[in-house]
>>> print(open('protein-v2.pdb').read())   # PDB, C-alpha atoms
ATOM      1  CA  ALA A  70    -102.035 -28.627  69.660
ATOM      2  CA  ILE A  71     -98.428 -27.583  69.984
ATOM      3  CA  THR A  72     -97.325 -24.023  70.704
ATOM      4  CA  TYR A  73     -93.932 -22.966  69.392
ATOM      5  CA  THR A  74     -92.082 -20.048  70.999
ATOM      6  CA  PHE A  75     -88.910 -18.511  69.598
ATOM      7  CA  GLU A  76     -86.667 -15.767  70.957
ATOM      8  CA  VAL A  77     -85.317 -13.828  67.973
ATOM      9  CA  LYS A  78     -81.539 -13.347  68.145
ATOM     10  CA  GLU A  79     -81.082 -12.193  64.524
ATOM     11  CA  GLY A  80     -83.133 -11.656  61.376
ATOM     12  CA  LEU A  81     -83.472 -14.326  58.689
ATOM     13  CA  GLY A  82     -84.774 -14.527  55.135
ATOM     14  CA  ASP A  83     -88.088 -16.121  54.251
ATOM     15  CA  ASP A  84     -86.609 -19.268  52.725
ATOM     16  CA  TRP A  85     -85.831 -20.773  56.144
ATOM     17  CA  ARG A  86     -88.204 -23.325  57.711
ATOM     18  CA  VAL A  87     -88.726 -24.911  61.135
ATOM     19  CA  PHE A  88     -88.111 -28.613  61.651
ATOM     20  CA  ALA A  89     -89.730 -30.394  64.570
ATOM     21  CA  HIS A  90     -88.851 -34.081  64.926
ATOM     22  CA  PHE A  91     -90.450 -36.243  67.588
ATOM     23  CA  GLU A  92     -88.212 -39.235  68.348
ATOM     24  CA  GLY A  93     -89.267 -42.148  70.536
ATOM     25  CA  PRO A  94     -89.254 -45.892  71.195
ATOM     26  CA  GLY A  95     -87.777 -48.260  68.634
ATOM     27  CA  LYS A  96     -86.512 -45.391  66.478
ATOM     28  CA  GLY A  97     -90.107 -44.221  66.102
ATOM     29  CA  ARG A  98     -90.373 -40.778  64.577
ATOM     30  CA  PHE A  99     -92.888 -38.273  63.281
ATOM     31  CA  SER A 100     -92.463 -34.617  62.393
ATOM     32  CA  ASP A 101     -94.023 -31.195  62.009
ATOM     33  CA  ASP A 102     -91.656 -29.446  59.588
ATOM     34  CA  HIS A 103     -93.187 -26.131  58.482
ATOM     35  CA  ALA A 104     -92.827 -22.478  57.573
ATOM     36  CA  PRO A 105     -93.980 -20.313  60.496
ATOM     37  CA  ASN A 106     -97.231 -18.347  60.162
ATOM     38  CA  ARG A 107     -95.299 -15.065  60.353
ATOM     39  CA  PRO A 108     -92.456 -15.030  57.763
ATOM     40  CA  PHE A 109     -88.949 -15.018  59.201
ATOM     41  CA  SER A 110     -88.211 -11.704  57.473
ATOM     42  CA  TRP A 111     -90.780 -10.066  59.789
ATOM     43  CA  TRP A 112     -89.013 -11.327  62.916
ATOM     44  CA  LYS A 113     -86.983  -8.624  64.698
ATOM     45  CA  LYS A 114     -84.130  -9.060  67.164
ATOM     46  CA  GLY A 115     -85.417  -9.133  70.754
ATOM     47  CA  GLN A 116     -88.944 -10.316  69.871
ATOM     48  CA  TYR A 117     -90.595 -13.494  71.079
ATOM     49  CA  ILE A 118     -92.608 -15.208  68.352
ATOM     50  CA  ARG A 119     -95.326 -17.619  69.479
ATOM     51  CA  TYR A 120     -97.805 -19.583  67.380
ATOM     52  CA  THR A 121     -99.836 -22.767  67.699
ATOM     53  CA  ARG A 122    -100.174 -25.597  65.198
ATOM     54  CA  HIS A 123    -102.328 -28.710  65.328
ATOM     55  CA  LEU A 124    -100.353 -31.890  64.880
ATOM     56  CA  ARG A 125    -101.801 -35.300  64.087
ATOM     57  CA  VAL A 126     -99.797 -38.165  65.560
ATOM     58  CA  PRO A 127     -99.747 -41.031  63.013
ATOM     59  CA  ALA A 128    -101.953 -43.963  64.049
ATOM     60  CA  SER A 129     -98.970 -46.327  63.681
ATOM     61  CA  THR A 130     -96.960 -44.461  66.355
ATOM     62  CA  LYS A 131     -95.935 -46.699  69.264
ATOM     63  CA  PRO A 132     -96.876 -45.529  72.771
ATOM     64  CA  GLY A 133     -94.127 -44.014  74.911
ATOM     65  CA  SER A 134     -91.993 -40.929  75.488
ATOM     66  CA  TYR A 135     -91.037 -38.840  72.448
ATOM     67  CA  ASP A 136     -88.394 -36.124  72.555
ATOM     68  CA  LEU A 137     -89.043 -33.044  70.433
ATOM     69  CA  TRP A 138     -85.871 -31.973  68.601
ATOM     70  CA  MET A 139     -86.150 -28.642  66.787
ATOM     71  CA  GLY A 140     -84.178 -26.316  64.600
ATOM     72  CA  ILE A 141     -84.283 -24.065  61.582
ATOM     73  CA  TYR A 142     -83.184 -25.158  58.121
ATOM     74  CA  ARG A 143     -82.926 -24.062  54.511
ATOM     75  CA  ARG A 144     -82.631 -26.783  51.891
ATOM     76  CA  ASN A 145     -79.776 -28.985  53.235
ATOM     77  CA  THR A 146     -78.384 -26.449  55.727
ATOM     78  CA  ARG A 147     -79.289 -26.158  59.400
ATOM     79  CA  LEU A 148     -78.936 -22.869  61.236
ATOM     80  CA  GLU A 149     -76.413 -23.171  64.068
ATOM     81  CA  ALA A 150     -78.201 -24.082  67.306
ATOM     82  CA  ARG A 151     -76.917 -22.955  70.727
ATOM     83  CA  SER A 152     -78.343 -23.228  74.217
ATOM     84  CA  GLU A 153     -77.111 -22.955  77.782
ATOM     85  CA  SER A 154     -80.200 -24.654  79.213
ATOM     86  CA  VAL A 155     -81.233 -27.559  76.937
ATOM     87  CA  PRO A 156     -79.335 -30.295  75.069
ATOM     88  CA  VAL A 157     -78.063 -29.452  71.567
ATOM     89  CA  GLU A 158     -77.052 -32.091  68.983
ATOM     90  CA  ASP A 159     -76.452 -31.666  65.259
ATOM     91  CA  ASP A 160     -77.696 -28.055  65.300
ATOM     92  CA  ARG A 161     -81.009 -28.994  66.873
ATOM     93  CA  VAL A 162     -82.287 -28.443  70.408
ATOM     94  CA  LYS A 163     -84.214 -30.831  72.623
ATOM     95  CA  ALA A 164     -87.230 -28.623  73.269
ATOM     96  CA  ALA A 165     -89.675 -30.954  75.055
ATOM     97  CA  THR A 166     -90.749 -34.501  75.789
ATOM     98  CA  ILE A 167     -94.300 -35.707  75.186
ATOM     99  CA  GLN A 168     -96.139 -38.931  76.024
ATOM    100  CA  VAL A 169     -97.977 -40.841  73.317
ATOM    101  CA  LYS A 170    -100.598 -43.204  74.677
TER     102      LYS A 170
END
>>> encode(input="protein-v2.pdb", output="structure tokens")
Amino acid sequence: AITYTFEVKEGLGDDWRVFAHFEGPGKGRFSDDHAPNRPFSWWKKGQYIRYTRHLRVPASTKPGSYDLWMGIYRRNTRLEARSESVPVEDDRVKAATIQVK
């Protein structure tokens, strides 16, 4: 299970989606791209939105540390990502690191 938490800074339309890319050893990668349970148009500035999803790690995934890089996208466009506390690259934030055994 993975719990996502977002602080809403501005409203968005419903055609945006969340991308969640887990990147690890040997360029290993798996993802949990999705539309949130509560549509973005319902999100209001100042709210914190939290929801849990169940993610299946592919059986072929190599053991090791995987960084979770996240952002919000629509078609081929990523929403600008900013943070004063976590790394940001290519309009995505490094949200966590997990261990795959």
>>> residues_around(input="protein-v2.pdb", residues="Met139 in chain A", least_positions_apart="3", cutoff="8 Å", atoms="only C-alpha atoms", output="list in words")
Val87, Phe88, Ala89, His90, Arg161, Val162, Lys163 and Ala164 of chain A
>>> atom_distance(input="protein-v2.pdb", atom1="CA of Ala70 in chain A", atom2="CA of Arg122 in chain A")
5.7 Å
>>> atom_distance(input="protein-v2.pdb", atom1="CA of Tyr117 in chain A", atom2="CA of Thr166 in chain A")
21.5 Å
>>> closest_residue(input="protein-v2.pdb", among="A:Gly93, A:Glu153, A:Ala104, A:Lys114", to="Gln168 in chain A", atoms="all atoms listed in the file")
A:Gly93
>>> resolve_selection(input="protein-v2.pdb", expression="the PyMOL selection byres ((chain A and resi 100) around 9)", output="mmCIF file with C-alpha atoms, in the frame of the given file")
data_model
loop_
_atom_site.group_PDB
_atom_site.id
_atom_site.type_symbol
_atom_site.label_atom_id
_atom_site.label_comp_id
_atom_site.auth_asym_id
_atom_site.auth_seq_id
_atom_site.Cartn_x
_atom_site.Cartn_y
_atom_site.Cartn_z
ATOM 1 C CA PHE A 88 -88.111 -28.613 61.651
ATOM 2 C CA ALA A 89 -89.730 -30.394 64.570
ATOM 3 C CA HIS A 90 -88.851 -34.081 64.926
ATOM 4 C CA PHE A 91 -90.450 -36.243 67.588
ATOM 5 C CA GLU A 92 -88.212 -39.235 68.348
ATOM 6 C CA ARG A 98 -90.373 -40.778 64.577
ATOM 7 C CA PHE A 99 -92.888 -38.273 63.281
ATOM 8 C CA ASP A 101 -94.023 -31.195 62.009
ATOM 9 C CA ASP A 102 -91.656 -29.446 59.588
ATOM 10 C CA LEU A 124 -100.353 -31.890 64.880
ATOM 11 C CA VAL A 126 -99.797 -38.165 65.560
ATOM 12 C CA LEU A 137 -89.043 -33.044 70.433
#
>>> atom_distance(input="protein-v2.pdb", atom1="CA of Tyr142 in chain A", atom2="CA of Arg125 in chain A")
22.0 Å
>>> decode(input="protein-v2.pdb", residues="range 79-110 of chain A", atoms="N, CA and C atoms", output="compact mmCIF listing (two decimals), in the first residue's frame")
# COMPACT_ATOMS: atom_id res chain seq x y z
N GLU A 79 -3.18 25.30 -5.90
CA GLU A 79 -4.08 25.92 -6.87
C GLU A 79 -4.99 24.84 -7.45
N GLY A 80 -6.13 25.26 -7.98
CA GLY A 80 -7.07 24.30 -8.57
C GLY A 80 -6.61 23.86 -9.95
N LEU A 81 -7.05 22.67 -10.34
CA LEU A 81 -6.71 22.11 -11.65
C LEU A 81 -7.97 21.52 -12.27
N GLY A 82 -7.93 21.27 -13.57
CA GLY A 82 -9.01 20.58 -14.24
C GLY A 82 -8.88 19.08 -14.09
N ASP A 83 -9.93 18.36 -14.46
CA ASP A 83 -9.95 16.91 -14.26
C ASP A 83 -9.07 16.12 -15.22
N ASP A 84 -8.54 16.75 -16.26
CA ASP A 84 -7.78 15.97 -17.23
C ASP A 84 -6.31 15.77 -16.82
N TRP A 85 -5.92 16.26 -15.66
CA TRP A 85 -4.58 16.03 -15.13
C TRP A 85 -4.53 14.67 -14.44
N ARG A 86 -3.34 14.07 -14.41
CA ARG A 86 -3.13 12.77 -13.76
C ARG A 86 -1.86 12.85 -12.91
N VAL A 87 -1.71 11.88 -12.02
CA VAL A 87 -0.51 11.76 -11.18
C VAL A 87 0.42 10.74 -11.82
N PHE A 88 1.71 11.07 -11.90
CA PHE A 88 2.68 10.02 -12.26
C PHE A 88 3.54 9.73 -11.05
N ALA A 89 3.82 8.46 -10.86
CA ALA A 89 4.64 7.98 -9.76
C ALA A 89 5.59 6.95 -10.34
N HIS A 90 6.86 7.32 -10.47
CA HIS A 90 7.87 6.44 -11.07
C HIS A 90 8.86 6.02 -10.02
N PHE A 91 9.01 4.73 -9.85
CA PHE A 91 9.98 4.15 -8.93
C PHE A 91 11.20 3.77 -9.75
N GLU A 92 12.35 4.38 -9.42
CA GLU A 92 13.58 4.15 -10.19
C GLU A 92 14.65 3.57 -9.28
N GLY A 93 15.28 2.46 -9.76
CA GLY A 93 16.25 1.77 -8.92
C GLY A 93 17.43 1.22 -9.66
N PRO A 94 18.00 0.13 -9.14
CA PRO A 94 19.24 -0.45 -9.66
C PRO A 94 19.15 -0.83 -11.13
N GLY A 95 20.25 -0.59 -11.85
CA GLY A 95 20.33 -1.02 -13.24
C GLY A 95 19.26 -0.42 -14.12
N LYS A 96 18.88 0.80 -13.84
CA LYS A 96 17.82 1.49 -14.58
C LYS A 96 16.47 0.79 -14.44
N GLY A 97 16.33 0.01 -13.37
CA GLY A 97 15.05 -0.64 -13.09
C GLY A 97 13.99 0.40 -12.80
N ARG A 98 12.77 0.12 -13.25
CA ARG A 98 11.69 1.10 -13.10
C ARG A 98 10.33 0.42 -13.13
N PHE A 99 9.45 0.90 -12.26
CA PHE A 99 8.03 0.53 -12.35
C PHE A 99 7.24 1.76 -11.93
N SER A 100 5.94 1.78 -12.22
CA SER A 100 5.19 3.02 -12.01
C SER A 100 3.79 2.76 -11.46
N ASP A 101 3.20 3.86 -11.01
CA ASP A 101 1.81 3.86 -10.54
C ASP A 101 1.14 5.14 -11.04
N ASP A 102 1.16 5.36 -12.35
CA ASP A 102 0.49 6.52 -12.93
C ASP A 102 -1.02 6.33 -12.77
N HIS A 103 -1.74 7.41 -12.41
CA HIS A 103 -3.17 7.24 -12.12
C HIS A 103 -3.89 8.58 -12.03
N ALA A 104 -5.20 8.52 -12.12
CA ALA A 104 -6.05 9.67 -11.78
C ALA A 104 -6.41 9.50 -10.30
N PRO A 105 -6.32 10.56 -9.50
CA PRO A 105 -6.65 10.41 -8.08
C PRO A 105 -8.13 10.05 -7.88
N ASN A 106 -8.42 9.44 -6.73
CA ASN A 106 -9.80 9.04 -6.42
C ASN A 106 -10.75 10.23 -6.42
N ARG A 107 -10.30 11.36 -5.89
CA ARG A 107 -11.09 12.59 -5.87
C ARG A 107 -10.60 13.45 -7.05
N PRO A 108 -11.48 13.78 -8.00
CA PRO A 108 -11.05 14.55 -9.18
C PRO A 108 -10.35 15.85 -8.80
N PHE A 109 -9.36 16.23 -9.58
CA PHE A 109 -8.62 17.46 -9.32
C PHE A 109 -9.53 18.67 -9.21
N SER A 110 -10.61 18.71 -9.97
CA SER A 110 -11.49 19.88 -9.93
C SER A 110 -12.15 20.06 -8.56
